[in-house]
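Trainee: Have a peek at input_11.cif (mmCIF, C-alpha atoms and all ligand atoms).
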data_model
loop_
_atom_site.label_atom_id
_atom_site.label_comp_id
_atom_site.auth_asym_id
_atom_site.auth_seq_id
_atom_site.Cartn_x
_atom_site.Cartn_y
_atom_site.Cartn_z
CA MET A 555 19.33 6.54 5.33
CA LYS A 556 21.93 3.89 4.48
CA HIS A 557 21.28 2.21 7.84
CA LYS A 558 17.53 2.16 7.10
CA LYS A 559 18.17 0.50 3.71
CA VAL A 560 20.41 -2.17 5.27
CA LYS A 561 17.81 -2.89 7.97
CA PHE A 562 15.11 -3.17 5.32
CA PHE A 563 17.30 -5.52 3.25
CA LYS A 564 17.93 -7.83 6.24
CA GLU A 565 14.29 -7.98 7.33
CA ALA A 566 12.92 -8.29 3.79
CA LEU A 567 15.33 -11.14 3.06
CA LYS A 568 14.26 -12.97 6.24
CA SER A 569 10.60 -12.75 5.27
CA PHE A 570 10.95 -12.78 1.49
CA LYS A 571 7.64 -14.59 0.91
CA THR A 572 5.63 -11.70 2.33
CA SER A 573 8.04 -8.87 1.47
CA GLY A 574 8.48 -9.83 -2.17
CA THR A 575 11.55 -7.62 -2.55
CA ILE A 576 14.88 -6.81 -0.93
CA THR A 577 15.05 -3.08 -1.68
CA PRO A 578 12.62 -0.34 -0.68
CA SER A 579 10.71 1.50 -3.43
CA SER A 580 12.68 4.26 -5.17
CA ARG A 581 11.76 7.90 -4.65
CA PHE A 582 10.79 8.01 -8.34
CA LEU A 583 8.29 5.19 -7.89
CA VAL A 584 6.88 6.71 -4.70
CA LYS A 585 6.46 10.09 -6.39
CA ARG A 586 4.75 8.58 -9.41
CA MET A 587 2.36 6.52 -7.26
CA LEU A 588 1.38 9.47 -5.10
CA SER A 589 0.77 11.67 -8.15
CA LYS A 590 -2.26 9.46 -8.86
CA ILE A 591 -3.96 10.41 -5.59
CA GLU A 592 -6.25 13.34 -4.89
CA PHE A 593 -5.20 14.33 -1.35
CA LYS A 594 -7.55 17.27 -1.12
CA ASP A 595 -10.92 16.37 0.43
CA SER A 596 -9.74 12.88 1.43
CA LYS A 597 -10.90 11.88 4.92
CA LEU A 598 -9.23 8.51 5.04
CA ILE A 599 -6.25 7.15 3.12
CA VAL A 600 -5.08 3.57 3.62
CA GLU A 601 -1.66 2.13 2.89
CA TYR A 602 -1.01 -1.61 2.55
CA GLY A 603 2.42 -3.13 3.19
CA SER A 604 4.10 -0.02 4.57
CA GLY A 605 7.43 -1.79 5.27
CA ASN A 606 9.92 0.67 6.73
CA GLY A 607 7.70 3.63 5.86
CA ILE A 608 9.33 4.91 2.69
CA ILE A 609 5.90 5.63 1.13
CA THR A 610 4.21 6.36 4.48
CA ASN A 611 6.47 9.33 5.22
CA GLU A 612 5.79 10.85 1.80
CA ILE A 613 2.02 10.38 2.22
CA LEU A 614 2.19 12.10 5.61
CA LYS A 615 3.85 15.14 4.00
CA LYS A 616 0.92 15.48 1.61
CA LEU A 617 -1.99 14.91 4.02
CA GLU A 618 -4.51 17.64 4.74
CA PRO A 619 -4.65 18.33 8.51
CA SER A 620 -8.01 16.56 8.92
CA THR A 621 -7.10 13.41 6.94
CA LYS A 622 -6.14 10.16 8.64
CA LEU A 623 -3.72 7.58 7.28
CA VAL A 624 -4.19 3.94 8.32
CA CYS A 625 -1.35 1.51 7.55
CA PHE A 626 -1.62 -2.29 7.42
CA GLU A 627 1.68 -4.12 7.98
CA VAL A 628 1.93 -7.81 8.94
CA ASN A 629 5.65 -7.89 9.66
CA GLU A 630 6.22 -7.18 13.34
CA VAL A 631 9.69 -5.63 12.92
CA PHE A 632 8.39 -3.20 10.28
CA TYR A 633 5.26 -2.56 12.38
CA ASN A 634 7.40 -1.54 15.37
CA ASP A 635 9.47 0.78 13.17
CA LEU A 636 6.35 2.38 11.71
CA LYS A 637 4.98 3.04 15.19
CA LYS A 638 8.08 5.13 15.88
CA ILE A 639 6.98 7.63 13.22
CA ASN A 640 4.58 8.86 15.90
CA HIS A 641 2.44 11.25 13.84
CA LYS A 642 -0.98 12.26 15.12
CA GLN A 643 -2.71 11.56 11.78
CA LEU A 644 -1.16 8.10 11.46
CA ILE A 645 -2.65 4.81 12.70
CA VAL A 646 -0.52 1.71 12.26
CA LEU A 647 -2.06 -1.77 12.43
CA ASN A 648 -0.21 -5.07 12.72
CA THR A 649 -3.00 -6.68 10.67
CA SER A 650 -3.41 -8.14 7.20
CA ALA A 651 -4.88 -5.92 4.49
CA GLU A 652 -7.55 -8.61 4.08
CA ASP A 653 -9.23 -7.22 7.21
CA ILE A 654 -9.66 -3.67 5.94
CA GLU A 655 -13.48 -3.61 6.22
CA GLY A 656 -13.66 -4.58 9.89
CA GLU A 657 -10.66 -2.49 10.89
CA ILE A 658 -11.85 0.81 9.42
CA LYS A 659 -15.30 0.24 10.96
CA LYS A 660 -13.63 -0.20 14.37
CA LEU A 661 -11.94 3.18 13.80
CA GLY A 662 -15.32 4.79 13.06
CA PHE A 663 -15.02 5.04 9.26
CA ASP A 664 -17.40 3.69 6.68
CA LYS A 665 -15.51 4.28 3.42
CA VAL A 666 -11.93 4.86 2.25
CA ASP A 667 -11.01 7.65 -0.17
CA ASN A 668 -7.84 6.08 -1.58
CA ILE A 669 -5.68 3.00 -1.08
CA ILE A 670 -1.95 2.87 -1.84
CA SER A 671 -0.45 -0.60 -1.92
CA SER A 672 3.02 -2.03 -2.30
CA LEU A 673 1.90 -5.56 -1.37
CA PRO A 674 3.69 -8.28 -3.32
CA LEU A 675 0.38 -9.64 -4.70
CA ALA A 676 2.09 -12.16 -6.98
CA MET A 677 3.87 -13.77 -4.01
CA LEU A 678 0.86 -13.99 -1.69
CA PRO A 679 -1.46 -17.03 -1.71
CA LYS A 680 -4.07 -16.58 -4.49
CA GLU A 681 -6.94 -16.49 -2.01
CA VAL A 682 -5.25 -13.72 -0.01
CA SER A 683 -4.63 -11.43 -3.00
CA LYS A 684 -8.16 -12.10 -4.31
CA THR A 685 -9.72 -11.20 -0.94
CA ILE A 686 -7.60 -8.05 -0.64
CA ILE A 687 -8.64 -6.75 -4.08
CA ALA A 688 -12.34 -7.58 -3.54
CA ASN A 689 -12.51 -6.12 -0.02
CA SER A 690 -10.68 -2.99 -1.14
CA TYR A 691 -13.24 -2.41 -3.87
CA GLU A 692 -16.04 -2.77 -1.30
CA VAL A 693 -14.65 -0.16 1.11
CA LEU A 694 -13.65 2.45 -1.48
CA LYS A 695 -15.98 5.38 -2.00
CA GLU A 696 -17.27 6.08 -5.51
CA LYS A 697 -14.39 7.42 -7.65
CA GLY A 698 -11.94 6.35 -4.95
CA ARG A 699 -8.67 4.88 -6.22
CA PHE A 700 -6.64 1.78 -5.51
CA ILE A 701 -3.02 2.41 -6.50
CA GLN A 702 -0.84 -0.70 -6.60
CA PHE A 703 2.63 -1.31 -7.97
CA GLN A 704 3.84 -4.65 -9.28
CA TYR A 705 6.75 -5.89 -11.34
CA SER A 706 4.48 -7.30 -14.06
CA THR A 707 1.07 -6.81 -15.67
CA GLN A 708 -0.11 -10.23 -14.50
CA PHE A 709 -2.85 -8.74 -12.27
CA LEU A 710 -4.42 -6.58 -14.98
CA LYS A 711 -7.21 -9.05 -15.79
CA GLN A 712 -8.06 -9.56 -12.12
CA PHE A 713 -8.20 -5.83 -11.38
CA LYS A 714 -10.30 -5.19 -14.50
CA ALA A 715 -12.76 -7.90 -13.48
CA ILE A 716 -13.42 -6.17 -10.16
CA PHE A 717 -13.00 -2.49 -11.07
CA SER A 718 -15.29 -2.77 -14.13
CA LYS A 719 -12.45 -2.07 -16.56
CA LYS A 720 -11.63 1.31 -14.98
CA VAL A 721 -7.99 0.31 -14.69
CA LYS A 722 -5.01 2.13 -16.19
CA LEU A 723 -1.32 1.28 -16.16
CA ASP A 724 1.69 3.49 -15.70
CA PHE A 725 5.37 2.49 -15.63
CA GLU A 726 8.36 3.66 -13.57
CA PRO A 727 11.72 2.64 -15.06
CA LEU A 728 13.77 4.13 -12.22
CA ASN A 729 13.12 1.43 -9.65
CA LEU A 730 14.81 -1.87 -8.89
CA PRO A 731 13.25 -3.71 -10.67
CA PRO A 732 11.27 -1.28 -12.88
CA ALA A 733 7.62 -1.28 -11.83
CA PHE A 734 4.14 -1.07 -13.28
CA ILE A 735 1.61 1.07 -11.43
CA TYR A 736 -2.02 -0.04 -11.55
CA ILE A 737 -4.48 2.83 -11.18
CA CYS A 738 -7.90 1.35 -10.40
CA GLU A 739 -10.91 3.61 -9.95
CA LYS A 740 -14.24 2.59 -8.44
C1 LIG A 801 7.43 -4.87 -1.21
S1 LIG A 801 7.34 -4.56 0.53
C2 LIG A 801 6.98 -2.83 0.44
C3 LIG A 801 7.64 -2.03 1.50
C4 LIG A 801 7.56 -0.50 1.32
N1 LIG A 801 6.21 -0.02 1.36
C5 LIG A 801 8.21 -0.08 0.02
O1 LIG A 801 7.46 0.35 -0.88
O2 LIG A 801 9.43 -0.17 -0.09
C6 LIG A 801 5.79 -5.32 0.94
C7 LIG A 801 5.32 -5.21 2.37
O3 LIG A 801 4.02 -5.80 2.47
C8 LIG A 801 3.90 -6.44 3.75
N2 LIG A 801 2.78 -7.41 3.65
C9 LIG A 801 2.79 -8.62 3.03
N3 LIG A 801 1.57 -9.18 3.11
C10 LIG A 801 0.76 -8.32 3.77
C11 LIG A 801 -0.63 -8.31 4.14
N4 LIG A 801 -1.41 -9.36 3.84
N5 LIG A 801 -1.12 -7.24 4.80
C12 LIG A 801 -0.31 -6.18 5.11
N6 LIG A 801 1.00 -6.14 4.81
C13 LIG A 801 1.54 -7.17 4.14
C14 LIG A 801 5.29 -7.04 3.94
O4 LIG A 801 5.53 -7.35 5.29
C15 LIG A 801 6.18 -5.93 3.38
O5 LIG A 801 6.55 -5.02 4.39
#
Written as structure tokens, that's how I'd like the structure from this file.
Ligand SMILES: C[S@@+](CC[C@H](N)C(=O)[O-])C[C@H]1O[C@@H](n2cnc3c(N)ncnc32)[C@H](O)[C@@H]1O
Mentor:
Amino acid sequence: MKHKKVKFFKEALKSFKTSGTITPSSRFLVKRMLSKIEFKDSKLIVEYGSGNGIITNEILKKLEPSTKLVCFEVNEVFYNDLKKINHKQLIVLNTSAEDIEGEIKKLGFDKVDNIISSLPLAMLPKEVSKTIIANSYEVLKEKGRFIQFQYSTQFLKQFKAIFSKKVKLDFEPLNLPPAFIYICEK
């Protein structure tokens, strides 16, 4: 566990502009994020920015046997680590979350039930974060949720503009730094 944290720290520091942090999410934050998801009856769950898999492993524990989890991770070191999880319901892509529409079509899916994201939206180029939010809305099924954590409420207006105001905020103090959770419903 300690070794995993050190490895994450080193890799995240090297690629700080896309990682946006140096510590993995706390178990309190992961638990709070996943409590917003309806796992039952989900066919496809997508995770953005899986890093070293701290959220991925917890999602896998909660998946129904027929549900698939697709992870988007641009960092090659993290991608190779995620592939080692080697779970039959898990598909790991070394692709940007911007490409969600095309990628899930290639896998034979039309819509996504829920998206869980730990992307550092505030650190990504504006166009990239805008595209990710818009494309995610497009691929979600009706009532599907986009769950995103951030260290500020700066994205509230942008999420509300796309998710027709169906956006709520939660807060997890036990994380470094404390984090806001955006719960956006289509
Ligand atoms: C804050 S870290 C989160 C890591 C881990 N999920 C956690 O919660 O501790 C953000 C991750 O997003 C990845 N990332 C950044 N931009 C991305 C993009 N456009 N598409 C997919 N992954 C991206 C980074 O490589 C990094 O692993």
Trainee: Can you pull out every residue with an atom within 8 Å of ligand LIG 801 (chain A)? Use all atoms listed in the file and format it as JSON, numbers by chain.
Mentor: {"A": [566, 569, 571, 572, 573, 574, 575, 576, 577, 578, 579, 580, 584, 602, 603, 604, 605, 606, 607, 608, 609, 610, 626, 627, 628, 629, 632, 648, 649, 650, 651, 652, 671, 672, 673, 674, 675, 678, 682, 683, 686]}
Trainee: Using only C-alpha atoms and a cutoff of 12 Å, can you tell me which residues are near (-15.4, -8.1, -5.3) in the file's coordinates, and write them out as a list of chain:residue names?
Mentor: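 I get A:Ser683, A:Lys684, A:Thr685, A:Ile686, A:Ile687, A:Ala688, A:Asn689, A:Ser690, A:Tyr691, A:Glu692, A:Val693, A:Leu694, A:Gln712, A:Phe713, A:Lys714, A:Ala715, A:Ile716, A:Phe717, A:Ser718, A:Lys740 for the residues within 12 Å of that point.
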Trainee: Could the residues of region 562-624 of chain A that have an atom at most 9 Å from region 658-668 of chain A be listed as CSV, each with its closest atom pair and the distance in Å to one decimal, counting only C-alpha atoms and ordered by chain and ascending residue number?
Mentor:
residue,atom,partner,partner_atom,distance
A:Ile591,CA,A:Asn668,CA,7.1
A:Glu592,CA,A:Asn668,CA,8.1
A:Phe593,CA,A:Asn668,CA,8.7
A:Asp595,CA,A:Asp667,CA,8.7
A:Ser596,CA,A:Asp667,CA,5.6
A:Lys597,CA,A:Asp667,CA,6.6
A:Leu598,CA,A:Val666,CA,5.3
A:Ile599,CA,A:Asn668,CA,5.1
A:Val600,CA,A:Asn668,CA,6.4
A:Glu601,CA,A:Asn668,CA,8.6
A:Val624,CA,A:Ile658,CA,8.3
Trainee: One decimal, Å: what's the distance from CA of Glu681 (chain A) over to CA of Lys637 (chain A), could you say?
Mentor: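 Distance between the two atoms: 28.6 Å.
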Trainee: May I ask for the distance between CA of Lys695 (chain A) and CA of Ile654 (chain A), given in Å to one decimal place?
Mentor: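 If I compute the distance from CA of Lys695 (chain A) to CA of Ile654 (chain A), I get 13.6 Å.
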Trainee: So how many Å separate CA of Lys719 (chain A) and CA of Phe734 (chain A), to one decimal?
Mentor: 16.9 Å
Trainee: When you count all atoms listed in the file, which of these residues is closest to Arg581 (chain A): A:Asn611, A:Ser706, A:Lys697, A:Leu644?
Mentor: A:Asn611
Trainee: A:Phe563, A:Tyr705, A:Phe570, A:Phe700: which is nearest Leu730 (chain A), counting all atoms listed in the file?
Mentor: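 Result for the nearest residue to Leu730 (chain A): A:Tyr705.
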Trainee: Residues at most 9 Å from Pro732 (chain A), counting all atoms listed in the file, excluding those fewer than 6 positions away in the same chain, as a PyMOL selection string?
Mentor: chain A and resi 583+704-705+725-726
Trainee: Using all atoms listed in the file, which of A:Ile701, A:Cys625, A:Leu710, A:Leu614 sits nearest Glu739 (chain A)?
Mentor: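 The closest residue to Glu739 (chain A) is A:Ile701.
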Trainee: Which residue is closest to Leu588 (chain A)? Choose from A:Glu565, A:Glu618, A:Glu655, A:Glu612 and count all atoms listed in the file.
Mentor: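 Under the stated criterion, the closest residue is A:Glu612.
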